[in-house]
file coords-v2.cif (mmCIF, C-alpha atoms)
data_my_file
#
loop_
_atom_site.group_PDB
_atom_site.id
_atom_site.type_symbol
_atom_site.label_atom_id
_atom_site.label_comp_id
_atom_site.auth_asym_id
_atom_site.auth_seq_id
_atom_site.Cartn_x
_atom_site.Cartn_y
_atom_site.Cartn_z
ATOM 1 C CA MET A 1 0.000 0.000 0.000
ATOM 2 C CA GLU A 2 2.925 2.347 0.686
ATOM 3 C CA HIS A 3 4.105 1.775 -2.892
ATOM 4 C CA ILE A 4 0.639 2.600 -4.244
ATOM 5 C CA ILE A 5 0.440 5.813 -2.218
ATOM 6 C CA LEU A 6 3.932 7.008 -3.167
ATOM 7 C CA TYR A 7 3.931 5.983 -6.821
ATOM 8 C CA ALA A 8 0.267 6.368 -7.821
ATOM 9 C CA ILE A 9 -1.691 8.658 -5.495
ATOM 10 C CA VAL A 10 0.920 11.212 -4.373
ATOM 11 C CA PRO A 11 1.949 12.124 -7.964
ATOM 12 C CA ILE A 12 -1.696 12.928 -8.751
ATOM 13 C CA LEU A 13 -1.988 15.194 -5.728
ATOM 14 C CA VAL A 14 1.374 16.879 -6.421
ATOM 15 C CA VAL A 15 0.547 17.673 -10.057
ATOM 16 C CA MET A 16 -2.968 18.819 -9.098
ATOM 17 C CA LEU A 17 -1.555 21.091 -6.398
ATOM 18 C CA LEU A 18 0.970 22.456 -8.892
ATOM 19 C CA GLY A 19 -1.868 23.315 -11.252
ATOM 20 C CA TYR A 20 -3.807 24.852 -8.360
ATOM 21 C CA TYR A 21 -0.777 26.971 -7.376
ATOM 22 C CA SER A 22 -0.192 28.117 -10.957
ATOM 23 C CA GLY A 23 -3.812 29.170 -11.193
ATOM 24 C CA LYS A 24 -3.783 31.050 -7.897
ATOM 25 C CA THR A 25 -0.570 32.904 -8.838
ATOM 26 C CA GLY A 26 -1.978 33.949 -12.202
ATOM 27 C CA ALA A 27 0.348 31.882 -14.365
ATOM 28 C CA PHE A 28 -2.678 30.095 -15.822
ATOM 29 C CA SER A 29 -6.396 30.849 -15.831
ATOM 30 C CA GLY A 30 -9.612 28.871 -16.132
ATOM 31 C CA ALA A 31 -9.609 29.644 -19.865
ATOM 32 C CA ASP A 32 -6.122 28.140 -20.143
ATOM 33 C CA ALA A 33 -7.380 24.994 -18.397
ATOM 34 C CA ARG A 34 -10.106 24.640 -21.020
ATOM 35 C CA VAL A 35 -7.513 24.946 -23.794
ATOM 36 C CA LEU A 36 -5.362 22.255 -22.160
ATOM 37 C CA ASN A 37 -8.393 20.021 -21.741
ATOM 38 C CA LYS A 38 -9.250 20.499 -25.410
ATOM 39 C CA VAL A 39 -5.797 19.188 -26.337
ATOM 40 C CA VAL A 40 -6.265 16.213 -24.026
ATOM 41 C CA LEU A 41 -9.832 15.435 -25.090
ATOM 42 C CA ASN A 42 -9.252 15.724 -28.850
ATOM 43 C CA TYR A 43 -5.760 14.253 -29.153
ATOM 44 C CA ALA A 44 -3.947 12.846 -26.089
ATOM 45 C CA LEU A 45 -6.837 10.928 -24.509
ATOM 46 C CA PRO A 46 -8.101 9.369 -27.779
ATOM 47 C CA ALA A 47 -4.545 8.215 -28.559
ATOM 48 C CA ALA A 48 -4.146 6.715 -25.075
ATOM 49 C CA LEU A 49 -7.528 4.961 -25.263
ATOM 50 C CA PHE A 50 -6.883 3.603 -28.749
ATOM 51 C CA ILE A 51 -3.477 2.161 -27.859
ATOM 52 C CA SER A 52 -4.639 0.659 -24.552
ATOM 53 C CA ILE A 53 -7.500 -1.201 -26.255
ATOM 54 C CA ILE A 54 -5.904 -2.155 -29.583
ATOM 55 C CA LYS A 55 -3.256 -4.199 -27.751
ATOM 56 C CA ALA A 56 -5.952 -6.544 -26.466
ATOM 57 C CA ASN A 57 -7.197 -9.483 -28.511
ATOM 58 C CA ARG A 58 -10.307 -11.591 -28.970
ATOM 59 C CA GLN A 59 -8.870 -14.374 -26.826
ATOM 60 C CA MET A 60 -8.504 -11.981 -23.885
ATOM 61 C CA LEU A 61 -12.179 -11.066 -24.087
ATOM 62 C CA SER A 62 -13.380 -14.662 -24.406
ATOM 63 C CA VAL A 63 -11.012 -16.432 -22.004
ATOM 64 C CA ASP A 64 -13.188 -15.461 -19.040
ATOM 65 C CA LEU A 65 -16.667 -14.549 -20.255
ATOM 66 C CA LYS A 66 -17.926 -14.358 -16.677
ATOM 67 C CA LEU A 67 -15.373 -11.637 -15.894
ATOM 68 C CA THR A 68 -16.232 -9.734 -19.082
ATOM 69 C CA ILE A 69 -20.007 -9.901 -18.622
ATOM 70 C CA ILE A 70 -19.993 -9.013 -14.918
ATOM 71 C CA SER A 71 -17.599 -6.103 -15.349
ATOM 72 C CA VAL A 72 -19.496 -4.591 -18.281
ATOM 73 C CA VAL A 73 -23.007 -5.106 -16.893
ATOM 74 C CA VAL A 74 -22.318 -4.063 -13.290
ATOM 75 C CA LEU A 75 -20.103 -1.080 -14.092
ATOM 76 C CA MET A 76 -22.583 0.256 -16.659
ATOM 77 C CA ALA A 77 -25.422 -0.294 -14.183
ATOM 78 C CA CYS A 78 -23.483 1.786 -11.635
ATOM 79 C CA PHE A 79 -22.816 4.406 -14.330
ATOM 80 C CA MET A 80 -26.548 4.765 -14.967
ATOM 81 C CA LEU A 81 -27.282 4.690 -11.219
ATOM 82 C CA VAL A 82 -25.072 7.761 -10.742
ATOM 83 C CA TYR A 83 -26.895 9.478 -13.614
ATOM 84 C CA PHE A 84 -30.352 8.807 -12.146
ATOM 85 C CA VAL A 85 -29.312 9.700 -8.565
ATOM 86 C CA PHE A 86 -28.132 13.149 -9.624
ATOM 87 C CA ARG A 87 -30.923 13.600 -12.149
ATOM 88 C CA TYR A 88 -33.819 12.838 -9.816
ATOM 89 C CA MET A 89 -32.493 13.063 -6.254
ATOM 90 C CA TYR A 90 -30.578 16.313 -6.718
ATOM 91 C CA LYS A 91 -32.723 17.620 -9.614
ATOM 92 C CA ASP A 92 -29.667 18.313 -11.783
ATOM 93 C CA THR A 93 -30.093 18.885 -15.493
ATOM 94 C CA ALA A 94 -29.603 15.951 -17.849
ATOM 95 C CA ALA A 95 -26.251 17.387 -18.946
ATOM 96 C CA GLU A 96 -25.026 17.832 -15.350
ATOM 97 C CA SER A 97 -26.166 14.320 -14.460
ATOM 98 C CA ALA A 98 -24.330 12.925 -17.490
ATOM 99 C CA VAL A 99 -21.108 14.623 -16.389
ATOM 100 C CA SER A 100 -21.644 13.258 -12.864
ATOM 101 C CA ALA A 101 -21.917 9.757 -14.329
ATOM 102 C CA LEU A 102 -18.774 10.279 -16.419
ATOM 103 C CA ILE A 103 -16.911 11.304 -13.253
ATOM 104 C CA SER A 104 -18.330 9.272 -10.365
ATOM 105 C CA GLY A 105 -19.615 6.398 -12.492
ATOM 106 C CA SER A 106 -16.291 5.458 -14.070
ATOM 107 C CA PRO A 107 -12.927 4.435 -12.547
ATOM 108 C CA THR A 108 -9.719 6.040 -13.819
ATOM 109 C CA ILE A 109 -8.485 2.718 -15.147
ATOM 110 C CA GLY A 110 -6.183 4.056 -17.863
ATOM 111 C CA PHE A 111 -3.958 6.079 -15.548
ATOM 112 C CA LEU A 112 -4.080 4.169 -12.269
ATOM 113 C CA GLY A 113 -4.940 0.631 -13.388
ATOM 114 C CA PHE A 114 -1.444 -0.798 -13.713
ATOM 115 C CA ALA A 115 0.010 1.579 -11.088
ATOM 116 C CA VAL A 116 -2.343 0.188 -8.428
ATOM 117 C CA LEU A 117 -2.910 -3.440 -9.479
ATOM 118 C CA GLN A 118 0.642 -4.502 -10.351
ATOM 119 C CA PRO A 119 2.138 -3.744 -6.895
ATOM 120 C CA ILE A 120 -0.689 -5.785 -5.324
ATOM 121 C CA PHE A 121 -1.180 -8.682 -7.755
ATOM 122 C CA GLY A 122 2.084 -8.762 -9.685
ATOM 123 C CA ASP A 123 2.905 -8.386 -13.363
ATOM 124 C CA SER A 124 0.761 -11.237 -14.681
ATOM 125 C CA ALA A 125 -1.386 -11.719 -17.771
ATOM 126 C CA SER A 126 -4.531 -11.791 -15.609
ATOM 127 C CA VAL A 127 -3.794 -8.254 -14.382
ATOM 128 C CA GLY A 128 -3.585 -7.018 -17.956
ATOM 129 C CA LEU A 129 -6.776 -8.898 -18.813
ATOM 130 C CA VAL A 130 -8.830 -7.279 -16.044
ATOM 131 C CA ILE A 131 -7.479 -3.803 -16.837
ATOM 132 C CA ALA A 132 -8.138 -4.239 -20.574
ATOM 133 C CA ILE A 133 -11.737 -5.362 -20.035
ATOM 134 C CA VAL A 134 -12.506 -2.531 -17.606
ATOM 135 C CA ALA A 135 -10.811 -0.031 -19.953
ATOM 136 C CA ILE A 136 -13.005 -1.182 -22.839
ATOM 137 C CA GLU A 137 -16.140 -0.792 -20.694
ATOM 138 C CA VAL A 138 -15.161 2.668 -19.429
ATOM 139 C CA ASN A 139 -13.822 4.093 -22.673
ATOM 140 C CA ALA A 140 -15.666 2.324 -25.489
ATOM 141 C CA ILE A 141 -19.075 2.153 -23.776
ATOM 142 C CA GLY A 142 -19.190 4.604 -20.859
ATOM 143 C CA ILE A 143 -17.763 7.677 -22.615
ATOM 144 C CA PRO A 144 -19.992 7.405 -25.727
ATOM 145 C CA VAL A 145 -23.082 6.818 -23.561
ATOM 146 C CA GLY A 146 -22.168 9.743 -21.308
ATOM 147 C CA LEU A 147 -21.546 12.057 -24.273
ATOM 148 C CA ALA A 148 -24.848 11.002 -25.834
ATOM 149 C CA LEU A 149 -26.701 11.817 -22.594
ATOM 150 C CA LEU A 150 -24.794 15.098 -22.325
ATOM 151 C CA ASN A 151 -25.600 16.126 -25.902
ATOM 152 C CA ALA A 152 -29.231 15.083 -25.470
ATOM 153 C CA GLY A 153 -29.486 17.203 -22.320
ATOM 154 C CA ASN A 154 -27.927 20.234 -24.002
ATOM 155 C CA ALA A 155 -30.184 19.826 -27.038
ATOM 156 C CA ALA A 156 -33.307 19.594 -24.870
ATOM 157 C CA LEU A 157 -32.248 22.653 -22.864
ATOM 158 C CA ALA A 158 -31.571 24.656 -26.031
ATOM 159 C CA ALA A 159 -34.954 23.673 -27.472
ATOM 160 C CA LYS A 160 -36.677 24.708 -24.246
ATOM 161 C CA GLU A 161 -34.901 28.076 -24.166
ATOM 162 C CA ASN A 162 -35.824 28.740 -27.800
ATOM 163 C CA GLY A 163 -39.435 27.879 -27.132
ATOM 164 C CA GLY A 164 -39.378 24.960 -29.557
ATOM 165 C CA ASP A 165 -39.925 25.148 -33.307
ATOM 166 C CA GLY A 166 -42.651 22.521 -33.518
ATOM 167 C CA LYS A 167 -40.326 19.870 -34.901
ATOM 168 C CA LYS A 168 -39.789 16.640 -33.072
ATOM 169 C CA PRO A 169 -36.056 16.299 -32.325
ATOM 170 C CA ASN A 170 -34.190 13.377 -33.814
ATOM 171 C CA PRO A 171 -33.510 11.001 -30.869
ATOM 172 C CA TRP A 172 -30.378 9.703 -32.621
ATOM 173 C CA MET A 173 -28.787 13.116 -33.117
ATOM 174 C CA PRO A 174 -27.166 13.217 -29.618
ATOM 175 C CA VAL A 175 -25.676 9.771 -30.274
ATOM 176 C CA LEU A 176 -24.329 10.859 -33.657
ATOM 177 C CA ASN A 177 -22.878 14.029 -32.136
ATOM 178 C CA ALA A 178 -21.210 11.953 -29.425
ATOM 179 C CA ILE A 179 -19.684 9.526 -31.933
ATOM 180 C CA LYS A 180 -18.144 12.467 -33.808
ATOM 181 C CA GLU A 181 -15.920 13.196 -30.808
ATOM 182 C CA PRO A 182 -12.462 11.560 -31.074
ATOM 183 C CA VAL A 183 -12.684 10.468 -27.431
ATOM 184 C CA ALA A 184 -15.750 8.386 -28.380
ATOM 185 C CA TRP A 185 -14.945 6.974 -31.828
ATOM 186 C CA ALA A 186 -11.275 6.157 -31.126
ATOM 187 C CA PRO A 187 -11.966 3.447 -28.476
ATOM 188 C CA ILE A 188 -14.923 2.123 -30.486
ATOM 189 C CA LEU A 189 -12.700 1.802 -33.560
ATOM 190 C CA ALA A 190 -10.084 0.006 -31.462
ATOM 191 C CA VAL A 191 -12.675 -2.506 -30.203
ATOM 192 C CA ILE A 192 -13.873 -3.172 -33.764
ATOM 193 C CA LEU A 193 -10.305 -3.785 -34.929
ATOM 194 C CA VAL A 194 -9.678 -6.126 -31.983
ATOM 195 C CA LEU A 195 -12.849 -8.096 -32.739
ATOM 196 C CA CYS A 196 -11.741 -8.323 -36.390
ATOM 197 C CA GLY A 197 -8.542 -9.985 -35.214
ATOM 198 C CA LEU A 198 -6.146 -7.205 -36.245
ATOM 199 C CA LYS A 199 -2.720 -7.526 -34.645
ATOM 200 C CA TRP A 200 -1.294 -4.098 -33.811
ATOM 201 C CA PRO A 201 2.323 -3.738 -35.030
ATOM 202 C CA GLU A 202 4.649 -2.582 -32.262
ATOM 203 C CA TYR A 203 6.610 -0.300 -34.576
ATOM 204 C CA LEU A 204 3.577 2.026 -34.647
ATOM 205 C CA ASP A 205 3.658 2.545 -30.871
ATOM 206 C CA PRO A 206 6.193 5.426 -30.883
ATOM 207 C CA SER A 207 3.924 7.405 -33.205
ATOM 208 C CA PHE A 208 1.271 7.441 -30.469
ATOM 209 C CA ASP A 209 3.369 7.331 -27.292
ATOM 210 C CA LEU A 210 4.476 10.974 -27.347
ATOM 211 C CA ILE A 211 0.994 12.474 -27.536
ATOM 212 C CA LYS A 212 -0.673 9.898 -25.286
ATOM 213 C CA GLY A 213 1.983 10.615 -22.632
ATOM 214 C CA ALA A 214 0.456 14.058 -22.177
ATOM 215 C CA ASN A 215 -2.918 12.587 -21.274
ATOM 216 C CA ALA A 216 -2.734 12.021 -17.520
ATOM 217 C CA SER A 217 -0.255 14.742 -16.551
ATOM 218 C CA VAL A 218 -1.929 17.547 -18.520
ATOM 219 C CA ALA A 219 -5.396 16.434 -17.420
ATOM 220 C CA VAL A 220 -4.463 16.444 -13.725
ATOM 221 C CA PHE A 221 -2.594 19.755 -14.065
ATOM 222 C CA ALA A 222 -5.623 21.308 -15.789
ATOM 223 C CA ALA A 223 -7.871 19.951 -13.028
ATOM 224 C CA GLY A 224 -5.723 21.824 -10.512
ATOM 225 C CA ILE A 225 -6.031 25.036 -12.521
ATOM 226 C CA THR A 226 -9.788 24.522 -12.677
ATOM 227 C CA LEU A 227 -9.937 24.104 -8.898
ATOM 228 C CA SER A 228 -8.092 27.403 -8.478
ATOM 229 C CA SER A 229 -10.554 29.266 -10.704
ATOM 230 C CA VAL A 230 -13.751 28.008 -9.085
ATOM 231 C CA LYS A 231 -15.015 27.771 -5.551
ATOM 232 C CA ILE A 232 -14.278 24.318 -4.147
ATOM 233 C CA ARG A 233 -17.557 22.649 -3.274
ATOM 234 C CA ILE A 234 -17.218 19.784 -0.827
ATOM 235 C CA ASN A 235 -20.992 19.691 -0.587
ATOM 236 C CA GLY A 236 -23.595 16.948 -0.478
ATOM 237 C CA GLN A 237 -23.224 16.230 -4.170
ATOM 238 C CA ALA A 238 -19.435 15.897 -3.985
ATOM 239 C CA VAL A 239 -19.772 13.567 -0.998
ATOM 240 C CA MET A 240 -22.499 11.566 -2.756
ATOM 241 C CA GLY A 241 -20.291 11.218 -5.826
ATOM 242 C CA SER A 242 -17.459 9.861 -3.681
ATOM 243 C CA PHE A 243 -19.886 7.522 -1.872
ATOM 244 C CA LEU A 244 -21.216 6.090 -5.138
ATOM 245 C CA LYS A 245 -17.719 5.720 -6.558
ATOM 246 C CA LEU A 246 -15.800 4.331 -3.581
ATOM 247 C CA ILE A 247 -18.518 2.306 -1.843
ATOM 248 C CA VAL A 248 -21.483 1.470 -4.075
ATOM 249 C CA MET A 249 -19.544 0.510 -7.212
ATOM 250 C CA PRO A 250 -17.020 -1.902 -5.621
ATOM 251 C CA LEU A 251 -19.763 -3.308 -3.364
ATOM 252 C CA ALA A 252 -21.927 -4.074 -6.402
ATOM 253 C CA ILE A 253 -19.007 -5.851 -8.105
ATOM 254 C CA LEU A 254 -18.272 -7.827 -4.927
ATOM 255 C CA VAL A 255 -21.881 -8.947 -4.399
ATOM 256 C CA VAL A 256 -22.417 -9.991 -8.020
ATOM 257 C CA GLY A 257 -18.985 -11.637 -8.213
ATOM 258 C CA VAL A 258 -19.680 -13.699 -5.094
ATOM 259 C CA LEU A 259 -23.162 -14.694 -6.286
ATOM 260 C CA PHE A 260 -21.833 -15.903 -9.637
ATOM 261 C CA LYS A 261 -18.703 -17.468 -8.089
ATOM 262 C CA MET A 262 -16.073 -15.545 -9.986
ATOM 263 C CA ASN A 263 -12.444 -16.575 -9.882
ATOM 264 C CA PRO A 264 -11.240 -15.198 -6.494
ATOM 265 C CA GLU A 265 -8.157 -13.445 -7.892
ATOM 266 C CA ASN A 266 -10.114 -11.846 -10.728
ATOM 267 C CA LEU A 267 -12.802 -10.785 -8.275
ATOM 268 C CA LYS A 268 -10.276 -9.048 -6.031
ATOM 269 C CA MET A 269 -8.738 -7.214 -8.989
ATOM 270 C CA LEU A 270 -12.141 -6.181 -10.327
ATOM 271 C CA VAL A 271 -13.210 -4.846 -6.918
ATOM 272 C CA VAL A 272 -10.032 -2.750 -6.703
ATOM 273 C CA CYS A 273 -10.626 -1.481 -10.249
ATOM 274 C CA ALA A 274 -14.169 -0.470 -9.303
ATOM 275 C CA ALA A 275 -12.870 1.383 -6.232
ATOM 276 C CA LEU A 276 -10.344 3.454 -8.208
ATOM 277 C CA PRO A 277 -10.836 7.247 -8.106
ATOM 278 C CA PRO A 278 -13.137 8.861 -10.689
ATOM 279 C CA ALA A 279 -12.074 8.977 -14.324
ATOM 280 C CA PHE A 280 -10.102 12.069 -15.310
ATOM 281 C CA SER A 281 -11.856 11.961 -18.682
ATOM 282 C CA GLY A 282 -15.049 13.078 -16.936
ATOM 283 C CA ILE A 283 -13.329 16.195 -15.603
ATOM 284 C CA ILE A 284 -11.903 16.931 -19.052
ATOM 285 C CA ILE A 285 -15.359 16.650 -20.630
ATOM 286 C CA ALA A 286 -16.881 18.771 -17.842
ATOM 287 C CA SER A 287 -14.358 21.526 -18.500
ATOM 288 C CA ARG A 288 -14.770 21.276 -22.263
ATOM 289 C CA TYR A 289 -18.549 21.746 -21.997
ATOM 290 C CA ASN A 290 -18.278 24.085 -18.970
ATOM 291 C CA CYS A 291 -20.708 21.892 -17.064
ATOM 292 C CA TYR A 292 -20.561 20.734 -13.426
ATOM 293 C CA VAL A 293 -16.882 21.721 -13.221
ATOM 294 C CA ALA A 294 -16.564 22.887 -9.609
ATOM 295 C CA THR A 295 -18.444 20.077 -7.875
ATOM 296 C CA GLY A 296 -17.064 17.424 -10.251
ATOM 297 C CA THR A 297 -13.464 18.468 -9.670
ATOM 298 C CA SER A 298 -14.027 18.681 -5.914
ATOM 299 C CA SER A 299 -15.495 15.161 -5.951
ATOM 300 C CA LEU A 300 -12.457 13.937 -7.890
ATOM 301 C CA ALA A 301 -10.047 15.433 -5.356
ATOM 302 C CA LEU A 302 -12.031 14.043 -2.399
ATOM 303 C CA SER A 303 -12.284 10.557 -3.908
ATOM 304 C CA THR A 304 -8.578 10.455 -4.750
ATOM 305 C CA ILE A 305 -7.640 11.197 -1.138
ATOM 306 C CA LEU A 306 -10.188 8.748 0.310
ATOM 307 C CA PHE A 307 -9.009 5.978 -2.029
ATOM 308 C CA MET A 308 -5.829 5.601 0.046
ATOM 309 C CA GLY A 309 -7.993 4.208 2.851
ATOM 310 C CA PHE A 310 -10.635 2.416 0.813
ATOM 311 C CA CYS A 311 -8.197 0.386 -1.317
ATOM 312 C CA PRO A 312 -6.834 -1.775 1.551
ATOM 313 C CA LEU A 313 -10.305 -1.843 3.127
ATOM 314 C CA TRP A 314 -11.866 -3.398 0.012
ATOM 315 C CA LEU A 315 -9.032 -5.909 -0.295
ATOM 316 C CA TRP A 316 -9.684 -7.000 3.297
ATOM 317 C CA ILE A 317 -13.471 -7.162 2.829
ATOM 318 C CA THR A 318 -13.113 -9.151 -0.406
ATOM 319 C CA ASP A 319 -10.786 -11.661 1.260
ATOM 320 C CA LEU A 320 -13.343 -12.092 4.063
ATOM 321 C CA CYS A 321 -16.152 -12.706 1.579
ATOM 322 C CA ILE A 322 -14.068 -15.191 -0.396
ATOM 323 C CA GLY A 323 -13.367 -17.079 2.810
ATOM 324 C CA TRP A 324 -16.972 -17.015 3.951
ATOM 325 C CA PHE A 325 -18.381 -18.318 0.685
ATOM 326 C CA HIS A 326 -15.510 -20.743 0.069
ATOM 327 C CA LEU A 327 -14.829 -19.345 -3.386
ATOM 328 C CA ALA A 328 -11.231 -20.471 -3.192
ATOM 329 C CA ALA A 329 -12.369 -24.082 -3.255
#
call {"tool": "encode", "arguments": {"input": "coords-v2.cif", "output": "structure tokens"}}
result
Amino acid sequence: MEHIILYAIVPILVVMLLGYYSGKTGAFSGADARVLNKVVLNYALPAALFISIIKANRQMLSVDLKLTIISVVVLMACFMLVYFVFRYMYKDTAAESAVSALISGSPTIGFLGFAVLQPIFGDSASVGLVIAIVAIEVNAIGIPVGLALLNAGNAALAAKENGGDGKKPNPWMPVLNAIKEPVAWAPILAVILVLCGLKWPEYLDPSFDLIKGANASVAVFAAGITLSSVKIRINGQAVMGSFLKLIVMPLAILVVGVLFKMNPENLKMLVVCAALPPAFSGIIIASRYNCYVATGTSSLALSTILFMGFCPLWLWITDLCIGWFHLAA
């Protein structure tokens, strides 16, 4: 756990604080953060998502169908739960609820997946399998769905403000607008190529590595700038977002995994993946659309700090459940 804190969590906090300091001292502004996020969302993040998925293969997805089905179904169910909680409990707009789901309904698997899981479970093929499957769910399913909900909410709000023109809106237009975004079509394209059996040549990696390397660092730095330009809101919504992310999501994975008798090691890894802090991509999208930025960023910061305690707690709880239900046998 000390390795995880020093090599995974502390760097996030340091870079975020650096961005916060640069914003407070006037070196960067909220407008600059939106420019940085535009670079990440349109170029760095799509490149990182594409490369992380394209290196998977059909065998990885089919070797443990139980793992694949449970991770996709449960994580997407939690994604939609976050959306409906904020939409109907807190009366947020559809766009704000979509951003909440993109933040608190998705783990930051791309940045922290290997950094957290490898020190705990080792550098094995099963670790890469779990991370790849969760990455596909988050990036190739969650982001397009979230963008579609976000675009639908913005379209409905615009129609309401304009008084309506008597035309029935095309229900597929928000989906089409979402697919146009590189952050949505890049992971979908990668999944299609994987399912087609394409083997990614390693000599193409350097062409993507340089730009994808800017993904996490620039995103976290921009999040710090954003925090400096808005009032930090550790309110009920930020706390609820952290509760849904750090407690409800891993608990749902644990309960379903135990009921369907998942492989114990895979179950432990999937629970840790579900407990990871919120996805940075949600913050980037929030800043890009200038929607739910303050509370979303505050929830990200709160969840990242709390994860240092919840990670070992979920490992302990999962081990107890495995022992109780004799899954190891």
call {"tool": "residues_around", "arguments": {"input": "coords-v2.cif", "residues": "region 186-192 of chain A", "least_positions_apart": "2", "cutoff": "6 Å", "atoms": "only C-alpha atoms", "output": "list of chain:residue names"}}
result
A:Pro46, A:Leu49, A:Phe50, A:Ile53, A:Ile54, A:Ala140, A:Pro182, A:Val183, A:Ala184, A:Val194, A:Leu195
call {"tool": "resolve_selection", "arguments": {"input": "coords-v2.cif", "expression": "the PyMOL selection byres ((chain A and resi 125-134) around 8)", "output": "list in words"}}
result
Ser52, Ile53, Ala56, Met60, Leu61, Leu67, Thr68, Ser71, Val72, Ile109, Gly113, Phe114, Leu117, Gln118, Phe121, Gly122, Asp123, Ser124, Ala135, Ile136, Glu137, Val138, Asn266, Met269, Leu270 and Cys273 of chain A
call {"tool": "resolve_selection", "arguments": {"input": "coords-v2.cif", "expression": "the PyMOL selection byres ((chain A and resi 284-286) around 8)", "output": "list in words"}}
result
Asn37, Lys38, Val40, Leu41, Val99, Ala219, Ala223, Phe280, Ser281, Gly282, Ile283, Ser287, Arg288, Tyr289, Asn290, Cys291, Tyr292, Val293 and Gly296 of chain A
call {"tool": "resolve_selection", "arguments": {"input": "coords-v2.cif", "expression": "the PyMOL selection byres ((chain A and resi 253) around 10)", "output": "NGL selection string"}}
result
:A and (70-71 or 73-75 or 78 or 248-252 or 254-259 or 267-268 or 270-275)
call {"tool": "closest_residue", "arguments": {"input": "coords-v2.cif", "among": "A:Ala101, A:Phe86, A:Leu276, A:Asp209", "to": "Leu150 (chain A)", "atoms": "all atoms listed in the file"}}
result
A:Ala101
call {"tool": "residues_around", "arguments": {"input": "coords-v2.cif", "residues": "Cys321 (chain A)", "least_positions_apart": "3", "cutoff": "10 Å", "atoms": "all atoms listed in the file", "output": "NGL selection string"}}
result
:A and (254-255 or 258 or 264 or 316-318 or 324-327)
call {"tool": "residues_near_point", "arguments": {"input": "coords-v2.cif", "point": "(-26.1, 12.8, -13.8)", "cutoff": "8 Å", "atoms": "all atoms listed in the file", "output": "PyMOL selection string"}}
result
chain A and resi 82-87+92-101
call {"tool": "residues_around", "arguments": {"input": "coords-v2.cif", "residues": "Leu204 (chain A)", "least_positions_apart": "5", "cutoff": "12 Å", "atoms": "all atoms listed in the file", "output": "ChimeraX atom specification"}}
result
/A:47,51,54-55,199,209-210
call {"tool": "write_last_selection", "arguments": {"input": "coords-v2.cif", "atoms": "C-alpha atoms", "output": "short mmCIF file (atom, residue, chain, number, x, y, z; two decimals), keeping the file's coordinate frame"}}
result
data_model
loop_
_atom_site.label_atom_id
_atom_site.label_comp_id
_atom_site.auth_asym_id
_atom_site.auth_seq_id
_atom_site.Cartn_x
_atom_site.Cartn_y
_atom_site.Cartn_z
CA ALA A 47 -4.54 8.22 -28.56
CA ILE A 51 -3.48 2.16 -27.86
CA ILE A 54 -5.90 -2.15 -29.58
CA LYS A 55 -3.26 -4.20 -27.75
CA LYS A 199 -2.72 -7.53 -34.65
CA ASP A 209 3.37 7.33 -27.29
CA LEU A 210 4.48 10.97 -27.35
#
call {"tool": "build_atoms", "arguments": {"input": "coords-v2.cif", "residues": "region 290-298 of chain A", "atoms": "N, CA, C and O atoms", "output": "PDB file, in the coordinates of the input"}}
result
ATOM      1  N   ASN A 290     -18.020  23.123 -20.043  1.00  0.00           N
ATOM      2  CA  ASN A 290     -18.278  24.085 -18.970  1.00  0.00           C
ATOM      3  C   ASN A 290     -19.524  23.699 -18.178  1.00  0.00           C
ATOM      4  O   ASN A 290     -20.439  24.501 -17.954  1.00  0.00           O
ATOM      5  N   CYS A 291     -19.528  22.448 -17.736  1.00  0.00           N
ATOM      6  CA  CYS A 291     -20.708  21.892 -17.064  1.00  0.00           C
ATOM      7  C   CYS A 291     -20.277  21.104 -15.835  1.00  0.00           C
ATOM      8  O   CYS A 291     -19.464  20.175 -15.939  1.00  0.00           O
ATOM      9  N   TYR A 292     -20.793  21.481 -14.664  1.00  0.00           N
ATOM     10  CA  TYR A 292     -20.561  20.734 -13.426  1.00  0.00           C
ATOM     11  C   TYR A 292     -19.072  20.676 -13.056  1.00  0.00           C
ATOM     12  O   TYR A 292     -18.585  19.705 -12.506  1.00  0.00           O
ATOM     13  N   VAL A 293     -18.333  21.742 -13.377  1.00  0.00           N
ATOM     14  CA  VAL A 293     -16.882  21.721 -13.221  1.00  0.00           C
ATOM     15  C   VAL A 293     -16.469  21.756 -11.754  1.00  0.00           C
ATOM     16  O   VAL A 293     -15.655  20.946 -11.301  1.00  0.00           O
ATOM     17  N   ALA A 294     -17.016  22.699 -10.987  1.00  0.00           N
ATOM     18  CA  ALA A 294     -16.564  22.887  -9.609  1.00  0.00           C
ATOM     19  C   ALA A 294     -16.842  21.669  -8.739  1.00  0.00           C
ATOM     20  O   ALA A 294     -15.938  21.131  -8.081  1.00  0.00           O
ATOM     21  N   THR A 295     -18.088  21.216  -8.716  1.00  0.00           N
ATOM     22  CA  THR A 295     -18.444  20.077  -7.875  1.00  0.00           C
ATOM     23  C   THR A 295     -17.776  18.800  -8.367  1.00  0.00           C
ATOM     24  O   THR A 295     -17.322  17.977  -7.568  1.00  0.00           O
ATOM     25  N   GLY A 296     -17.702  18.615  -9.693  1.00  0.00           N
ATOM     26  CA  GLY A 296     -17.064  17.424 -10.251  1.00  0.00           C
ATOM     27  C   GLY A 296     -15.593  17.340  -9.893  1.00  0.00           C
ATOM     28  O   GLY A 296     -15.095  16.282  -9.492  1.00  0.00           O
ATOM     29  N   THR A 297     -14.886  18.457 -10.003  1.00  0.00           N
ATOM     30  CA  THR A 297     -13.464  18.468  -9.670  1.00  0.00           C
ATOM     31  C   THR A 297     -13.256  18.273  -8.177  1.00  0.00           C
ATOM     32  O   THR A 297     -12.320  17.592  -7.753  1.00  0.00           O
ATOM     33  N   SER A 298     -14.119  18.868  -7.363  1.00  0.00           N
ATOM     34  CA  SER A 298     -14.027  18.681  -5.914  1.00  0.00           C
ATOM     35  C   SER A 298     -14.258  17.221  -5.549  1.00  0.00           C
ATOM     36  O   SER A 298     -13.568  16.667  -4.681  1.00  0.00           O
TER      37      SER A 298
END
